[in-house]
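**Q** Structure in structure tokens, see below.
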Amino acid sequence: MKEAFLTADQAKKIAETYPTPFHIYDEEGIRANVRAVQKAFAWNPGFKEYFAVKATPNPEILKIMLEEGCGMDCSSMSELVLSRACGARGSDIMFSSNDTPAEEYRFASKIESIINLDDITHIEYLERIGVAFPETMSCRFNPGGVFRMSNGIMDNPGESKYGMTREQISEAFKLMMKKGVKRFGIHSFLASNTVTNEYYPMLAGQLFELAVELHRETGADIAFVNLSGGVGIPYMPDQEGNDIYEIGEGVRKKFEEIMVPAGLTNTSIYTEMGRFMTGPYGALVTKAIHEKHIYREYIGVDACAANLMRPAIYGAYHHITVLGKENAPLDHKYDVVGSLCENNDKFAVERALPKIEEGDLLFIHDTGAHGFAMGYNYNGRLWSSELLLRGDGSVKLIRRAQKMADYFATFDCLPVSEDIKEIIKEEGLE
Ligand SMILES: *Cc1c(COP(=O)(O)O)cnc(C)c1O
């Protein structure tokens with residue numbers, strides 16, 4: 001069963017200071033999980049988790065990760081700047097971008113982050129835009145075809161836009177060696193949200209074999225193998241989660257089997273997990289504001305898909321706990337909806353839940369990664385605040401809610417009259 005990390009009383013108290021909806025993150029949960037990941041890979045002395053910034057791009061969360069010894073995995077200029085501002089330096093930052101603009105490469109190079117090249121043509125591109133080749137660089141690999149695991153989970157690398165083919169990566173290594181690159185990384189991301197302990201070990205097996213081949217072929221020093229993200233979390237209440245210790249042990253076995261006999265014993269293992277690091281330790285708390293009885297029973301809440309997009313775009317399941325009614329019978333069937341003029345704006349469809357009354361607080365689970373971060377402003381809906389729940393039970397505002405003025409800020413010449421401004425202010429929306 002899934003349990004909320006807040007009680008009804010706690011949530012009500014928080015909502016008195018910070019109005020719903022809000023995303024809230026459990027600091028202790030995040031820290032304990034980072035430590036488990038590091039323990040699971042402690043057999044590899046160079047192990048480093050580069051937290052995927054895109055999952056939860058909030059400075060307080062990034063600082064927690066940095067404090068715990070993680071690096072930052074960035075995919076854009078804003079993420080690079082954010083990571084720097086939070087204290088990340090040099091090889092603390094992995095720039096795993098694709099379709100990368102020139103100015104972002106130049107910036108990544110100036111701050112000496114590790115550049116992970118998505119394509120062979122970018123070698124020449126870097127040269128053309130005047131970026132010098134550092135001693136350590138990485139290449140992203142795409143094996144093509146279909147990636148299968150024994151439990152049926154699979155993905156289609158052959159249809160994905162990322163990475164280089166097998167032939168290209170050999171060629172890329174040789175070209176880069178000529179340009180002075182001395183230490184190489186190999187990176188690959190083959191399946192998303194994998195809820196199986198098999199994914200990383202299987203991927204590691206493929207990348208270790210590739211590392212050995214590339215080392216033999218080109219003499220390249222393989223400094224690290226980056227398993228990237230894709231380790232999933234159990235969104236469904238009856239689903240069993242991954243065991244990170246079993247995953248770490250599975251990767252270790254492949255290392256012993258493939259890397260050690262080839263003499264590649266000093267290669268570091270890097271990961272770029274996002275979802276697994278923060279997903280379960282965040283929630284969207286929203287208030288029931290309407291109920292509606294037509295052909296189905298609807299509960300309208302004060303959050304919408306602009307605050308959490310996954311159900312609307314992927315049909316993703318997010319478990320819901322009605323706070324204070326944890327033990328009540330699930331004898332009602334509701335569609336839990338937001339206010340967008342878009343019928344996909346449903347956090348739950350025909351979900352068995354306890355009877356919900358106006359004012360009830362709903363705890364939407366597992367929004368700690370790719371939750372707030374995917375927010376948008378469709379229908380003129382504003383972003384919520386983000387809060388951090390500390391170990392001592394105190395709460396810190398780590399991003400204020402977006403205001404009207406933020407929404408209008410990119411219109412350089414929109415006159416809003418004084419009387420309208422007054423009303424906005426009266427409603428506390430300015
Ligand atoms: C999205 C992404 C990640 C994180 O993926 P999760 O599924 O959240 O673990 C890591 N690396 C790269 C390059 C990504 O694009």
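Ordered as shown in the structure tokens, chains take letters A, B, and onward, while each chain numbers its residues from 1 and ligands are numbered from 1 in the order shown.
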Just the residues within 10 Å of segment 154-169 of chain A, please, counting only C-alpha atoms, with nothing from its chain fewer than 2 positions along; format it as a count of residues only.

**A** 39

**Q** List every residue of segment 107-165 of chain A that DSSP, applied to the backbone, labels as helix (DSSP H, G or I), and write the result as a list of chain:residue names.

**A**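 Of segment 107-165 of chain A, the ones in helix (DSSP H, G or I) are A:Phe107, A:Ala108, A:Ser109, A:Lys110, A:Thr121, A:His122, A:Ile123, A:Glu124, A:Tyr125, A:Leu126, A:Glu127, A:Arg128, A:Pro157, A:Gly158, A:Glu159.
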
**Q** Write the residues you've just listed into a file as a compact mmCIF listing (two decimals), in the first residue's frame, and include C-alpha atoms for each of them.

**A**
# COMPACT_ATOMS: atom_id res chain seq x y z
CA PHE A 107 29.00 27.82 -22.16
CA ALA A 108 29.40 24.16 -21.12
CA SER A 109 33.00 24.32 -22.30
CA LYS A 110 33.73 27.59 -20.48
CA THR A 121 28.67 15.40 -36.60
CA HIS A 122 29.01 17.44 -33.43
CA ILE A 123 32.77 16.83 -33.41
CA GLU A 124 33.10 18.97 -36.50
CA TYR A 125 30.41 21.34 -35.17
CA LEU A 126 32.42 21.97 -31.99
CA GLU A 127 35.45 22.74 -34.07
CA ARG A 128 33.50 25.11 -36.30
CA PRO A 157 16.24 2.42 -29.44
CA GLY A 158 15.95 1.96 -33.21
CA GLU A 159 13.24 4.62 -33.25

**Q** Between A:Val322, A:Ile222, A:Ile24, A:Ile111, which is the closest to Thr265 of chain A once you count only C-alpha atoms?

**A** A:Ile222

**Q** What are the nearest atom pairs, with distances in Å to one decimal, for all residues of chain A that come at most 8 Å from ligand 1, using only C-alpha atoms and all ligand atoms, set out by chain and rising residue number as JSON lines?

**A**
{"residue": "A:Phe51", "atom": "CA", "partner": "ligand 1", "partner_atom_place_in_ligand_line": "10 (C)", "distance": 7.6}
{"residue": "A:Ala52", "atom": "CA", "partner": "ligand 1", "partner_atom_place_in_ligand_line": "4 (C)", "distance": 4.9}
{"residue": "A:Lys54", "atom": "CA", "partner": "ligand 1", "partner_atom_place_in_ligand_line": "1 (C)", "distance": 6.7}
{"residue": "A:Ala55", "atom": "CA", "partner": "ligand 1", "partner_atom_place_in_ligand_line": "8 (O)", "distance": 5.8}
{"residue": "A:Asp73", "atom": "CA", "partner": "ligand 1", "partner_atom_place_in_ligand_line": "11 (N)", "distance": 6.7}
{"residue": "A:Cys74", "atom": "CA", "partner": "ligand 1", "partner_atom_place_in_ligand_line": "13 (C)", "distance": 7.7}
{"residue": "A:Ser75", "atom": "CA", "partner": "ligand 1", "partner_atom_place_in_ligand_line": "13 (C)", "distance": 7.0}
{"residue": "A:Ser96", "atom": "CA", "partner": "ligand 1", "partner_atom_place_in_ligand_line": "13 (C)", "distance": 5.0}
{"residue": "A:Ser97", "atom": "CA", "partner": "ligand 1", "partner_atom_place_in_ligand_line": "13 (C)", "distance": 6.5}
{"residue": "A:Phe189", "atom": "CA", "partner": "ligand 1", "partner_atom_place_in_ligand_line": "13 (C)", "distance": 6.9}
{"residue": "A:Ser192", "atom": "CA", "partner": "ligand 1", "partner_atom_place_in_ligand_line": "7 (O)", "distance": 5.3}
{"residue": "A:Asn193", "atom": "CA", "partner": "ligand 1", "partner_atom_place_in_ligand_line": "7 (O)", "distance": 5.5}
{"residue": "A:Ser228", "atom": "CA", "partner": "ligand 1", "partner_atom_place_in_ligand_line": "11 (N)", "distance": 4.7}
{"residue": "A:Gly229", "atom": "CA", "partner": "ligand 1", "partner_atom_place_in_ligand_line": "9 (O)", "distance": 3.4}
{"residue": "A:Gly230", "atom": "CA", "partner": "ligand 1", "partner_atom_place_in_ligand_line": "7 (O)", "distance": 3.8}
{"residue": "A:Val231", "atom": "CA", "partner": "ligand 1", "partner_atom_place_in_ligand_line": "9 (O)", "distance": 5.4}
{"residue": "A:Gly232", "atom": "CA", "partner": "ligand 1", "partner_atom_place_in_ligand_line": "7 (O)", "distance": 6.6}
{"residue": "A:Thr271", "atom": "CA", "partner": "ligand 1", "partner_atom_place_in_ligand_line": "10 (C)", "distance": 7.8}
{"residue": "A:Glu272", "atom": "CA", "partner": "ligand 1", "partner_atom_place_in_ligand_line": "10 (C)", "distance": 4.6}
{"residue": "A:Met273", "atom": "CA", "partner": "ligand 1", "partner_atom_place_in_ligand_line": "9 (O)", "distance": 3.7}
{"residue": "A:Gly274", "atom": "CA", "partner": "ligand 1", "partner_atom_place_in_ligand_line": "8 (O)", "distance": 3.4}
{"residue": "A:Arg275", "atom": "CA", "partner": "ligand 1", "partner_atom_place_in_ligand_line": "8 (O)", "distance": 3.7}
{"residue": "A:Phe276", "atom": "CA", "partner": "ligand 1", "partner_atom_place_in_ligand_line": "9 (O)", "distance": 6.0}
{"residue": "A:Met277", "atom": "CA", "partner": "ligand 1", "partner_atom_place_in_ligand_line": "9 (O)", "distance": 7.7}
{"residue": "A:Ala369", "atom": "CA", "partner": "ligand 1", "partner_atom_place_in_ligand_line": "8 (O)", "distance": 6.7}
{"residue": "A:His370", "atom": "CA", "partner": "ligand 1", "partner_atom_place_in_ligand_line": "8 (O)", "distance": 7.1}

**Q** For the contact check between segment 360-390 of chain A and segment 27-38 of chain A, emit one row per residue of segment 360-390 of chain A within 10 Å, containing the shortest atom pair and the distance in Å rounded to one decimal, counting only C-alpha atoms, chain then rising number order, as a Markdown table.

**A**
| residue | atom | partner | partner_atom | distance |
| --- | --- | --- | --- | --- |
| A:Gly368 | CA | A:Ile30 | CA | 9.5 |
| A:Leu388 | CA | A:Glu27 | CA | 6.6 |
| A:Leu389 | CA | A:Glu27 | CA | 6.0 |
| A:Arg390 | CA | A:Glu27 | CA | 5.5 |

**Q** Of the candidates A:Ile129, A:Ala85, A:Ala262, A:Met176, which shows the shortest atom-to-atom distance to Pro101 of chain A, using only C-alpha atoms?

**A**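 Of A:Ile129, A:Ala85, A:Ala262, A:Met176, the one nearest Pro101 of chain A, counting only C-alpha atoms, is A:Ile129.
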
**Q** Point out the residue among A:Met1, A:Gly71, A:Gly324, A:Val81 with the least atom-to-atom distance to Gln239 of chain A, counting only C-alpha atoms.

**A**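 Looking at the shortest contact to Gln239 of chain A, the residue is A:Met1.
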
**Q** So what do you get for atom CA of His319 of chain A versus atom CA of Ile153 of chain A, distance-wise?

**A**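 Between atom CA of His319 of chain A and atom CA of Ile153 of chain A the gap is 21.4 Å.
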